[in-house]
file query05.pdb (PDB, C-alpha atoms, pLDDT in the B column)
MODEL        1
ATOM      1  CA  MET A  24      59.106 119.118 101.707  1.00 48.00           C
ATOM      2  CA  GLN A  25      61.160 117.984  98.732  1.00 60.00           C
ATOM      3  CA  GLU A  26      60.409 119.822  95.516  1.00 78.00           C
ATOM      4  CA  PHE A  27      59.441 117.992  92.339  1.00 86.00           C
ATOM      5  CA  ARG A  28      62.335 117.394  89.939  1.00 88.00           C
ATOM      6  CA  LEU A  29      61.865 116.274  86.355  1.00 91.00           C
ATOM      7  CA  GLU A  30      63.243 112.921  85.292  1.00 88.00           C
ATOM      8  CA  ALA A  31      63.241 111.281  81.868  1.00 85.00           C
ATOM      9  CA  PRO A  32      62.146 107.633  82.036  1.00 94.00           C
ATOM     10  CA  VAL A  33      62.354 105.657  78.813  1.00 97.00           C
ATOM     11  CA  LEU A  34      59.032 105.878  76.946  1.00 98.00           C
ATOM     12  CA  GLU A  35      58.509 103.035  74.494  1.00 96.00           C
ATOM     13  CA  GLY A  36      56.171 103.095  71.524  1.00 96.00           C
ATOM     14  CA  THR A  37      55.791 100.868  68.484  1.00 93.00           C
ATOM     15  CA  ARG A  38      57.308 103.414  66.098  1.00 93.00           C
ATOM     16  CA  VAL A  39      59.564 105.518  68.323  1.00 97.00           C
ATOM     17  CA  ARG A  40      61.460 105.028  71.565  1.00 98.00           C
ATOM     18  CA  LEU A  41      62.130 108.098  73.694  1.00 98.00           C
ATOM     19  CA  GLU A  42      65.456 107.668  75.478  1.00 98.00           C
ATOM     20  CA  PRO A  43      67.066 110.064  77.983  1.00 98.00           C
ATOM     21  CA  LEU A  44      69.376 112.243  75.889  1.00 98.00           C
ATOM     22  CA  SER A  45      73.077 111.423  76.180  1.00 97.00           C
ATOM     23  CA  HIS A  46      76.296 111.754  74.212  1.00 98.00           C
ATOM     24  CA  ASP A  47      75.650 108.208  72.947  1.00 98.00           C
ATOM     25  CA  HIS A  48      73.140 109.860  70.604  1.00 98.00           C
ATOM     26  CA  ALA A  49      75.561 112.499  69.317  1.00 98.00           C
ATOM     27  CA  ALA A  50      76.690 110.859  66.070  1.00 98.00           C
ATOM     28  CA  ASP A  51      73.132 110.005  65.016  1.00 98.00           C
ATOM     29  CA  LEU A  52      71.846 113.473  65.891  1.00 98.00           C
ATOM     30  CA  ALA A  53      74.673 115.097  63.944  1.00 98.00           C
ATOM     31  CA  ARG A  54      73.597 113.176  60.846  1.00 98.00           C
ATOM     32  CA  ALA A  55      69.925 113.870  61.482  1.00 98.00           C
ATOM     33  CA  ALA A  56      70.511 117.597  61.882  1.00 97.00           C
ATOM     34  CA  GLU A  57      72.294 117.846  58.530  1.00 96.00           C
ATOM     35  CA  GLU A  58      69.479 116.430  56.445  1.00 95.00           C
ATOM     36  CA  ASP A  59      67.286 118.972  54.658  1.00 93.00           C
ATOM     37  CA  ARG A  60      67.101 121.896  57.110  1.00 93.00           C
ATOM     38  CA  GLY A  61      64.345 123.728  55.273  1.00 90.00           C
ATOM     39  CA  SER A  62      61.827 123.228  58.106  1.00 90.00           C
ATOM     40  CA  TYR A  63      64.094 124.667  60.813  1.00 91.00           C
ATOM     41  CA  ALA A  64      63.603 128.365  60.099  1.00 88.00           C
ATOM     42  CA  PHE A  65      62.194 129.045  63.579  1.00 89.00           C
ATOM     43  CA  THR A  66      63.513 126.049  65.533  1.00 86.00           C
ATOM     44  CA  TRP A  67      66.647 125.527  67.607  1.00 86.00           C
ATOM     45  CA  VAL A  68      68.424 122.690  65.800  1.00 93.00           C
ATOM     46  CA  PRO A  69      72.210 122.376  66.134  1.00 95.00           C
ATOM     47  CA  ARG A  70      74.544 121.941  63.209  1.00 95.00           C
ATOM     48  CA  ALA A  71      76.535 118.702  63.181  1.00 97.00           C
ATOM     49  CA  ASP A  72      79.575 120.309  64.789  1.00 96.00           C
ATOM     50  CA  GLU A  73      77.388 121.846  67.500  1.00 97.00           C
ATOM     51  CA  VAL A  74      75.663 118.656  68.649  1.00 98.00           C
ATOM     52  CA  SER A  75      78.091 117.864  71.467  1.00 97.00           C
ATOM     53  CA  ASP A  76      77.690 121.362  72.925  1.00 97.00           C
ATOM     54  CA  TYR A  77      73.916 121.141  72.396  1.00 97.00           C
ATOM     55  CA  ILE A  78      73.771 117.924  74.426  1.00 98.00           C
ATOM     56  CA  ASP A  79      75.942 119.485  77.151  1.00 98.00           C
ATOM     57  CA  GLN A  80      73.559 122.458  77.348  1.00 96.00           C
ATOM     58  CA  GLN A  81      70.503 120.227  77.595  1.00 96.00           C
ATOM     59  CA  LEU A  82      72.112 118.043  80.257  1.00 97.00           C
ATOM     60  CA  ALA A  83      73.059 121.142  82.233  1.00 96.00           C
ATOM     61  CA  ARG A  84      69.418 122.215  82.155  1.00 95.00           C
ATOM     62  CA  ALA A  85      68.405 118.692  83.175  1.00 96.00           C
ATOM     63  CA  ALA A  86      70.688 118.914  86.219  1.00 95.00           C
ATOM     64  CA  THR A  87      68.533 121.762  87.533  1.00 93.00           C
ATOM     65  CA  GLY A  88      65.466 119.506  87.570  1.00 92.00           C
ATOM     66  CA  ARG A  89      63.697 121.858  85.168  1.00 93.00           C
ATOM     67  CA  LEU A  90      64.206 119.872  81.946  1.00 95.00           C
ATOM     68  CA  ALA A  91      63.971 116.210  80.958  1.00 97.00           C
ATOM     69  CA  PRO A  92      65.535 115.877  77.480  1.00 97.00           C
ATOM     70  CA  TYR A  93      64.992 112.918  75.168  1.00 98.00           C
ATOM     71  CA  ALA A  94      66.418 111.534  71.969  1.00 98.00           C
ATOM     72  CA  GLN A  95      63.744 110.284  69.564  1.00 98.00           C
ATOM     73  CA  VAL A  96      65.003 106.885  68.434  1.00 98.00           C
ATOM     74  CA  VAL A  97      63.674 104.936  65.447  1.00 98.00           C
ATOM     75  CA  ASP A  98      65.072 101.504  64.562  1.00 96.00           C
ATOM     76  CA  GLY A  99      67.994 102.101  66.905  1.00 96.00           C
ATOM     77  CA  ARG A 100      68.943 105.474  65.416  1.00 98.00           C
ATOM     78  CA  ALA A 101      68.360 108.869  67.010  1.00 98.00           C
ATOM     79  CA  VAL A 102      66.410 111.021  64.549  1.00 98.00           C
ATOM     80  CA  GLY A 103      65.650 114.039  66.705  1.00 98.00           C
ATOM     81  CA  ALA A 104      65.062 115.340  70.192  1.00 98.00           C
ATOM     82  CA  THR A 105      62.268 116.508  72.465  1.00 97.00           C
ATOM     83  CA  SER A 106      61.804 117.371  76.135  1.00 97.00           C
ATOM     84  CA  PHE A 107      59.591 117.879  79.101  1.00 97.00           C
ATOM     85  CA  TRP A 108      60.351 121.237  80.650  1.00 95.00           C
ATOM     86  CA  ASP A 109      59.105 124.141  82.763  1.00 94.00           C
ATOM     87  CA  PRO A 110      57.493 122.070  85.558  1.00 95.00           C
ATOM     88  CA  ARG A 111      54.943 123.979  87.652  1.00 95.00           C
ATOM     89  CA  CYS A 112      53.777 122.848  91.076  1.00 94.00           C
ATOM     90  CA  TRP A 113      51.005 125.279  91.925  1.00 93.00           C
ATOM     91  CA  ILE A 114      49.502 123.634  95.019  1.00 92.00           C
ATOM     92  CA  ASP A 115      52.034 121.147  96.403  1.00 92.00           C
ATOM     93  CA  PRO A 116      55.782 121.656  95.737  1.00 90.00           C
ATOM     94  CA  ALA A 117      56.212 117.884  95.504  1.00 88.00           C
ATOM     95  CA  ARG A 118      53.374 117.355  93.047  1.00 92.00           C
ATOM     96  CA  LEU A 119      53.454 118.449  89.428  1.00 95.00           C
ATOM     97  CA  SER A 120      50.520 120.551  88.230  1.00 97.00           C
ATOM     98  CA  ALA A 121      51.586 121.471  84.677  1.00 97.00           C
ATOM     99  CA  ILE A 122      54.383 120.783  82.233  1.00 97.00           C
ATOM    100  CA  GLU A 123      55.478 121.927  78.795  1.00 97.00           C
ATOM    101  CA  VAL A 124      56.598 119.728  75.918  1.00 97.00           C
ATOM    102  CA  GLY A 125      59.204 121.530  73.861  1.00 94.00           C
ATOM    103  CA  PHE A 126      62.715 121.682  72.399  1.00 94.00           C
ATOM    104  CA  THR A 127      61.390 119.340  69.705  1.00 95.00           C
ATOM    105  CA  TRP A 128      62.956 118.671  66.318  1.00 96.00           C
ATOM    106  CA  LEU A 129      63.098 115.800  63.844  1.00 97.00           C
ATOM    107  CA  ALA A 130      65.288 114.919  60.905  1.00 97.00           C
ATOM    108  CA  ALA A 131      63.610 115.703  57.596  1.00 96.00           C
ATOM    109  CA  SER A 132      63.364 111.963  56.818  1.00 96.00           C
ATOM    110  CA  ALA A 133      61.402 111.354  60.059  1.00 96.00           C
ATOM    111  CA  GLN A 134      58.897 114.156  59.502  1.00 94.00           C
ATOM    112  CA  GLY A 135      55.470 113.059  58.326  1.00 89.00           C
ATOM    113  CA  THR A 136      56.119 109.430  59.286  1.00 92.00           C
ATOM    114  CA  GLY A 137      54.060 109.279  62.477  1.00 92.00           C
ATOM    115  CA  VAL A 138      57.080 109.645  64.754  1.00 95.00           C
ATOM    116  CA  ASN A 139      55.949 113.036  66.035  1.00 95.00           C
ATOM    117  CA  THR A 140      52.409 111.796  66.681  1.00 95.00           C
ATOM    118  CA  GLU A 141      53.553 108.810  68.706  1.00 97.00           C
ATOM    119  CA  ALA A 142      56.206 110.778  70.591  1.00 97.00           C
ATOM    120  CA  LYS A 143      53.610 113.347  71.641  1.00 97.00           C
ATOM    121  CA  TYR A 144      51.242 110.541  72.636  1.00 97.00           C
ATOM    122  CA  LEU A 145      53.907 108.973  74.866  1.00 98.00           C
ATOM    123  CA  LEU A 146      54.814 112.302  76.467  1.00 98.00           C
ATOM    124  CA  PHE A 147      51.220 113.377  77.031  1.00 98.00           C
ATOM    125  CA  ARG A 148      50.234 109.983  78.440  1.00 98.00           C
ATOM    126  CA  HIS A 149      53.106 110.004  80.898  1.00 97.00           C
ATOM    127  CA  ALA A 150      52.341 113.552  82.003  1.00 97.00           C
ATOM    128  CA  PHE A 151      48.627 112.993  82.560  1.00 98.00           C
ATOM    129  CA  GLU A 152      48.572 109.375  83.743  1.00 97.00           C
ATOM    130  CA  GLU A 153      51.830 109.043  85.682  1.00 96.00           C
ATOM    131  CA  TRP A 154      52.401 112.579  86.967  1.00 96.00           C
ATOM    132  CA  GLY A 155      48.746 113.529  87.171  1.00 96.00           C
ATOM    133  CA  VAL A 156      49.142 116.984  85.644  1.00 97.00           C
ATOM    134  CA  VAL A 157      46.134 119.175  84.929  1.00 98.00           C
ATOM    135  CA  ARG A 158      47.735 120.805  81.887  1.00 98.00           C
ATOM    136  CA  VAL A 159      50.324 120.165  79.179  1.00 98.00           C
ATOM    137  CA  ASP A 160      51.320 123.106  77.035  1.00 97.00           C
ATOM    138  CA  LEU A 161      53.307 123.610  73.859  1.00 97.00           C
ATOM    139  CA  LYS A 162      54.668 126.820  72.346  1.00 96.00           C
ATOM    140  CA  THR A 163      56.150 127.766  69.019  1.00 94.00           C
ATOM    141  CA  ASP A 164      57.191 130.891  67.169  1.00 92.00           C
ATOM    142  CA  ALA A 165      53.941 132.569  66.154  1.00 93.00           C
ATOM    143  CA  ARG A 166      55.266 132.799  62.571  1.00 93.00           C
ATOM    144  CA  ASN A 167      55.870 129.045  62.342  1.00 91.00           C
ATOM    145  CA  ALA A 168      52.760 127.890  60.488  1.00 92.00           C
ATOM    146  CA  ARG A 169      54.145 124.378  59.984  1.00 91.00           C
ATOM    147  CA  SER A 170      54.751 123.843  63.687  1.00 92.00           C
ATOM    148  CA  ARG A 171      51.408 125.354  64.658  1.00 94.00           C
ATOM    149  CA  ALA A 172      49.597 122.983  62.311  1.00 94.00           C
ATOM    150  CA  ALA A 173      51.506 119.986  63.697  1.00 92.00           C
ATOM    151  CA  ILE A 174      50.610 120.960  67.268  1.00 94.00           C
ATOM    152  CA  GLU A 175      46.947 121.285  66.370  1.00 95.00           C
ATOM    153  CA  ARG A 176      47.008 117.877  64.660  1.00 93.00           C
ATOM    154  CA  VAL A 177      47.995 116.163  67.926  1.00 93.00           C
ATOM    155  CA  GLY A 178      44.934 117.616  69.613  1.00 93.00           C
ATOM    156  CA  ALA A 179      46.232 120.688  71.441  1.00 96.00           C
ATOM    157  CA  ARG A 180      44.012 123.764  71.589  1.00 96.00           C
ATOM    158  CA  PHE A 181      45.268 127.186  70.503  1.00 97.00           C
ATOM    159  CA  GLU A 182      45.066 129.685  73.363  1.00 97.00           C
ATOM    160  CA  GLY A 183      46.602 132.813  71.884  1.00 97.00           C
ATOM    161  CA  VAL A 184      49.837 134.623  71.169  1.00 97.00           C
ATOM    162  CA  LEU A 185      52.175 135.753  73.933  1.00 94.00           C
ATOM    163  CA  ARG A 186      53.939 138.849  72.655  1.00 95.00           C
ATOM    164  CA  ASN A 187      57.711 139.205  73.107  1.00 93.00           C
ATOM    165  CA  TRP A 188      57.527 136.015  75.150  1.00 88.00           C
ATOM    166  CA  SER A 189      61.018 134.598  74.618  1.00 88.00           C
ATOM    167  CA  ARG A 190      64.198 134.894  72.636  1.00 86.00           C
ATOM    168  CA  SER A 191      64.015 134.157  68.937  1.00 79.00           C
ATOM    169  CA  TRP A 192      65.644 130.977  67.640  1.00 76.00           C
ATOM    170  CA  ALA A 193      65.362 132.054  64.001  1.00 75.00           C
ATOM    171  CA  PRO A 194      68.686 132.304  62.151  1.00 76.00           C
ATOM    172  CA  GLY A 195      69.959 135.856  62.038  1.00 77.00           C
ATOM    173  CA  GLU A 196      67.745 136.952  64.942  1.00 76.00           C
ATOM    174  CA  SER A 197      70.201 136.590  67.815  1.00 82.00           C
ATOM    175  CA  GLY A 198      69.330 139.112  70.497  1.00 86.00           C
ATOM    176  CA  HIS A 199      65.772 139.480  69.231  1.00 90.00           C
ATOM    177  CA  HIS A 200      62.538 138.411  70.875  1.00 92.00           C
ATOM    178  CA  ARG A 201      59.688 136.449  69.407  1.00 92.00           C
ATOM    179  CA  ASP A 202      55.948 136.219  69.774  1.00 91.00           C
ATOM    180  CA  SER A 203      54.954 132.709  70.896  1.00 94.00           C
ATOM    181  CA  ALA A 204      51.773 130.886  69.912  1.00 96.00           C
ATOM    182  CA  ILE A 205      50.644 128.831  72.897  1.00 97.00           C
ATOM    183  CA  PHE A 206      48.593 125.636  72.859  1.00 98.00           C
ATOM    184  CA  SER A 207      47.432 123.333  75.623  1.00 98.00           C
ATOM    185  CA  ILE A 208      45.657 120.131  76.585  1.00 98.00           C
ATOM    186  CA  THR A 209      43.930 119.916  79.962  1.00 98.00           C
ATOM    187  CA  ASP A 210      43.224 116.850  82.060  1.00 98.00           C
ATOM    188  CA  GLN A 211      39.530 117.092  81.131  1.00 98.00           C
ATOM    189  CA  GLU A 212      40.471 117.046  77.442  1.00 98.00           C
ATOM    190  CA  TRP A 213      43.042 114.262  77.710  1.00 98.00           C
ATOM    191  CA  PRO A 214      40.636 111.277  77.298  1.00 97.00           C
ATOM    192  CA  SER A 215      39.317 112.584  73.977  1.00 96.00           C
ATOM    193  CA  CYS A 216      42.811 113.661  72.901  1.00 97.00           C
ATOM    194  CA  ARG A 217      44.143 110.212  73.769  1.00 97.00           C
ATOM    195  CA  ALA A 218      41.399 108.551  71.697  1.00 97.00           C
ATOM    196  CA  HIS A 219      42.187 110.902  68.794  1.00 95.00           C
ATOM    197  CA  LEU A 220      45.905 110.084  68.907  1.00 96.00           C
ATOM    198  CA  GLU A 221      45.334 106.347  69.269  1.00 96.00           C
ATOM    199  CA  SER A 222      43.013 106.429  66.251  1.00 94.00           C
ATOM    200  CA  ARG A 223      45.674 108.197  64.199  1.00 91.00           C
ATOM    201  CA  LEU A 224      48.371 105.763  65.329  1.00 93.00           C
ATOM    202  CA  ASN A 225      46.208 102.726  64.581  1.00 89.00           C
ATOM    203  CA  ALA A 226      45.384 104.056  61.117  1.00 83.00           C
ATOM    204  CA  ALA A 227      49.072 104.668  60.423  1.00 75.00           C
ATOM    205  CA  ALA A 228      49.942 101.146  61.578  1.00 71.00           C
ATOM    206  CA  LEU A 229      47.378  99.642  59.213  1.00 65.00           C
ATOM    207  CA  GLN A 230      48.797 101.647  56.315  1.00 68.00           C
ATOM    208  CA  ARG A 231      52.300 100.317  57.049  1.00 64.00           C
ATOM    209  CA  HIS A 232      50.943  96.793  56.808  1.00 56.00           C
TER     210      HIS A 232
ENDMDL
END
call {"tool": "encode", "arguments": {"input": "query05.pdb", "output": "structure tokens"}}
result
Amino acid sequence: MQEFRLEAPVLEGTRVRLEPLSHDHAADLARAAEEDRGSYAFTWVPRADEVSDYIDQQLARAATGRLAPYAQVVDGRAVGATSFWDPRCWIDPARLSAIEVGFTWLAASAQGTGVNTEAKYLLFRHAFEEWGVVRVDLKTDARNARSRAAIERVGARFEGVLRNWSRSWAPGESGHHRDSAIFSITDQEWPSCRAHLESRLNAAALQRH
């Protein structure tokens, strides 16, 4: 039986369009990455001259079927990136049971604008309603209070801290490990989470008008 492989279909919202990551996004991402980097203390965000290699690395991971990387595009300009990754098929190797949303970053100018909320909504909706997963999870450096708060705002539930779970992405911590705070949404929770996100998106749309 053929095993499940991640793909990255275009996901279209009213505020953000998630497009499969490619080198066509490189120039925009280089500019986005060099805005105020003050929020990237614990996040893997390339410098402008590293963007081409960053895209190559993400596409190499995508070729394994374990990652589906996206550019987050607003008004035709890529302002960040995100991904589906770590697919788990616990019962049927051809059917996805759980997925993680990660490798997420946004330009400083796109933060706090509703882009993250809508991007998460699009990713979660696709995972639950198209792939039929029973769980979506998100992880961040346990020290990253900003990221943890953002994850909680989109409706994910904190499950705990996984100690020495992965490598650290913090500057100056190459070769070190980090504790990861893990959050999740289950299929039973998705309807209420969806309503919560749609309410937030509708309120934001009214404010823009």
call {"tool": "resolve_selection", "arguments": {"input": "query05.pdb", "expression": "the PyMOL selection byres ((chain A and resi 59) around 12)", "output": "number ranges by chain"}}
result
A: 54-58, 60-64, 68, 70, 129-134
call {"tool": "closest_residue", "arguments": {"input": "query05.pdb", "among": "A:Leu161, A:Phe151, A:Trp192, A:Arg169", "to": "A:Thr209", "atoms": "only C-alpha atoms"}}
result
A:Phe151
call {"tool": "residues_around", "arguments": {"input": "query05.pdb", "residues": "A:Asp164", "least_positions_apart": "2", "cutoff": "8 Å", "atoms": "all atoms listed in the file", "output": "ChimeraX atom specification"}}
result
/A:65,162,166-167,191,201-204
call {"tool": "atom_distance", "arguments": {"input": "query05.pdb", "atom1": "atom CA of A:Val102", "atom2": "atom CA of A:Asn139"}}
result
10.8 Å
call {"tool": "atom_distance", "arguments": {"input": "query05.pdb", "atom1": "atom CA of A:Asn187", "atom2": "atom CA of A:Lys143"}}
result
26.2 Å
call {"tool": "build_atoms", "arguments": {"input": "query05.pdb", "residues": "stretch 187-209 of chain A", "atoms": "N, CA, C and O atoms", "output": "mmCIF file, in the frame of the given file"}}
result
data_model
loop_
_atom_site.group_PDB
_atom_site.id
_atom_site.type_symbol
_atom_site.label_atom_id
_atom_site.label_comp_id
_atom_site.auth_asym_id
_atom_site.auth_seq_id
_atom_site.Cartn_x
_atom_site.Cartn_y
_atom_site.Cartn_z
ATOM 1 N N ASN A 187 56.355 139.061 72.564
ATOM 2 C CA ASN A 187 57.711 139.205 73.107
ATOM 3 C C ASN A 187 57.951 138.238 74.265
ATOM 4 O O ASN A 187 58.525 138.592 75.286
ATOM 5 N N TRP A 188 57.537 136.984 74.064
ATOM 6 C CA TRP A 188 57.527 136.015 75.150
ATOM 7 C C TRP A 188 58.905 135.417 75.436
ATOM 8 O O TRP A 188 59.226 135.075 76.580
ATOM 9 N N SER A 189 59.720 135.245 74.408
ATOM 10 C CA SER A 189 61.018 134.598 74.618
ATOM 11 C C SER A 189 62.001 135.057 73.550
ATOM 12 O O SER A 189 61.640 135.799 72.636
ATOM 13 N N ARG A 190 63.211 134.579 73.663
ATOM 14 C CA ARG A 190 64.198 134.894 72.636
ATOM 15 C C ARG A 190 63.807 134.214 71.331
ATOM 16 O O ARG A 190 63.114 133.193 71.323
ATOM 17 N N SER A 191 64.248 134.769 70.237
ATOM 18 C CA SER A 191 64.015 134.157 68.937
ATOM 19 C C SER A 191 65.104 133.138 68.647
ATOM 20 O O SER A 191 66.284 133.377 68.936
ATOM 21 N N TRP A 192 64.693 131.998 68.082
ATOM 22 C CA TRP A 192 65.644 130.977 67.640
ATOM 23 C C TRP A 192 65.857 131.035 66.133
ATOM 24 O O TRP A 192 66.596 130.224 65.590
ATOM 25 N N ALA A 193 65.227 131.966 65.452
ATOM 26 C CA ALA A 193 65.362 132.054 64.001
ATOM 27 C C ALA A 193 66.769 132.491 63.623
ATOM 28 O O ALA A 193 67.343 133.382 64.268
ATOM 29 N N PRO A 194 67.346 131.895 62.594
ATOM 30 C CA PRO A 194 68.686 132.304 62.151
ATOM 31 C C PRO A 194 68.725 133.792 61.838
ATOM 32 O O PRO A 194 67.800 134.345 61.223
ATOM 33 N N GLY A 195 69.785 134.430 62.294
ATOM 34 C CA GLY A 195 69.959 135.856 62.038
ATOM 35 C C GLY A 195 69.205 136.751 62.998
ATOM 36 O O GLY A 195 69.250 137.979 62.854
ATOM 37 N N GLU A 196 68.518 136.148 63.994
ATOM 38 C CA GLU A 196 67.745 136.952 64.942
ATOM 39 C C GLU A 196 68.297 136.871 66.362
ATOM 40 O O GLU A 196 67.563 137.033 67.336
ATOM 41 N N SER A 197 69.574 136.625 66.486
ATOM 42 C CA SER A 197 70.201 136.590 67.815
ATOM 43 C C SER A 197 69.996 137.932 68.511
ATOM 44 O O SER A 197 70.185 138.999 67.922
ATOM 45 N N GLY A 198 69.576 137.883 69.758
ATOM 46 C CA GLY A 198 69.330 139.112 70.497
ATOM 47 C C GLY A 198 67.943 139.678 70.315
ATOM 48 O O GLY A 198 67.592 140.679 70.940
ATOM 49 N N HIS A 199 67.139 139.038 69.461
ATOM 50 C CA HIS A 199 65.772 139.480 69.231
ATOM 51 C C HIS A 199 64.795 138.637 70.059
ATOM 52 O O HIS A 199 65.130 137.552 70.521
ATOM 53 N N HIS A 200 63.597 139.148 70.200
ATOM 54 C CA HIS A 200 62.538 138.411 70.875
ATOM 55 C C HIS A 200 61.502 137.940 69.864
ATOM 56 O O HIS A 200 61.437 138.451 68.749
ATOM 57 N N ARG A 201 60.720 136.975 70.285
ATOM 58 C CA ARG A 201 59.688 136.449 69.407
ATOM 59 C C ARG A 201 58.339 136.478 70.104
ATOM 60 O O ARG A 201 58.240 136.465 71.332
ATOM 61 N N ASP A 202 57.288 136.486 69.288
ATOM 62 C CA ASP A 202 55.948 136.219 69.774
ATOM 63 C C ASP A 202 55.746 134.706 69.748
ATOM 64 O O ASP A 202 56.133 134.038 68.780
ATOM 65 N N SER A 203 55.151 134.157 70.799
ATOM 66 C CA SER A 203 54.954 132.709 70.896
ATOM 67 C C SER A 203 53.477 132.358 70.839
ATOM 68 O O SER A 203 52.673 132.918 71.598
ATOM 69 N N ALA A 204 53.126 131.440 69.948
ATOM 70 C CA ALA A 204 51.773 130.886 69.912
ATOM 71 C C ALA A 204 51.712 129.763 70.936
ATOM 72 O O ALA A 204 52.561 128.863 70.933
ATOM 73 N N ILE A 205 50.730 129.818 71.829
ATOM 74 C CA ILE A 205 50.644 128.831 72.897
ATOM 75 C C ILE A 205 49.419 127.951 72.721
ATOM 76 O O ILE A 205 48.340 128.418 72.346
ATOM 77 N N PHE A 206 49.622 126.653 72.978
ATOM 78 C CA PHE A 206 48.593 125.636 72.859
ATOM 79 C C PHE A 206 48.585 124.813 74.147
ATOM 80 O O PHE A 206 49.594 124.744 74.845
ATOM 81 N N SER A 207 47.474 124.161 74.424
ATOM 82 C CA SER A 207 47.432 123.333 75.623
ATOM 83 C C SER A 207 46.445 122.193 75.477
ATOM 84 O O SER A 207 45.557 122.197 74.613
ATOM 85 N N ILE A 208 46.616 121.212 76.357
ATOM 86 C CA ILE A 208 45.657 120.131 76.585
ATOM 87 C C ILE A 208 45.449 120.083 78.095
ATOM 88 O O ILE A 208 46.423 120.105 78.856
ATOM 89 N N THR A 209 44.211 120.026 78.539
ATOM 90 C CA THR A 209 43.930 119.916 79.962
ATOM 91 C C THR A 209 43.581 118.475 80.321
ATOM 92 O O THR A 209 43.337 117.639 79.435
#
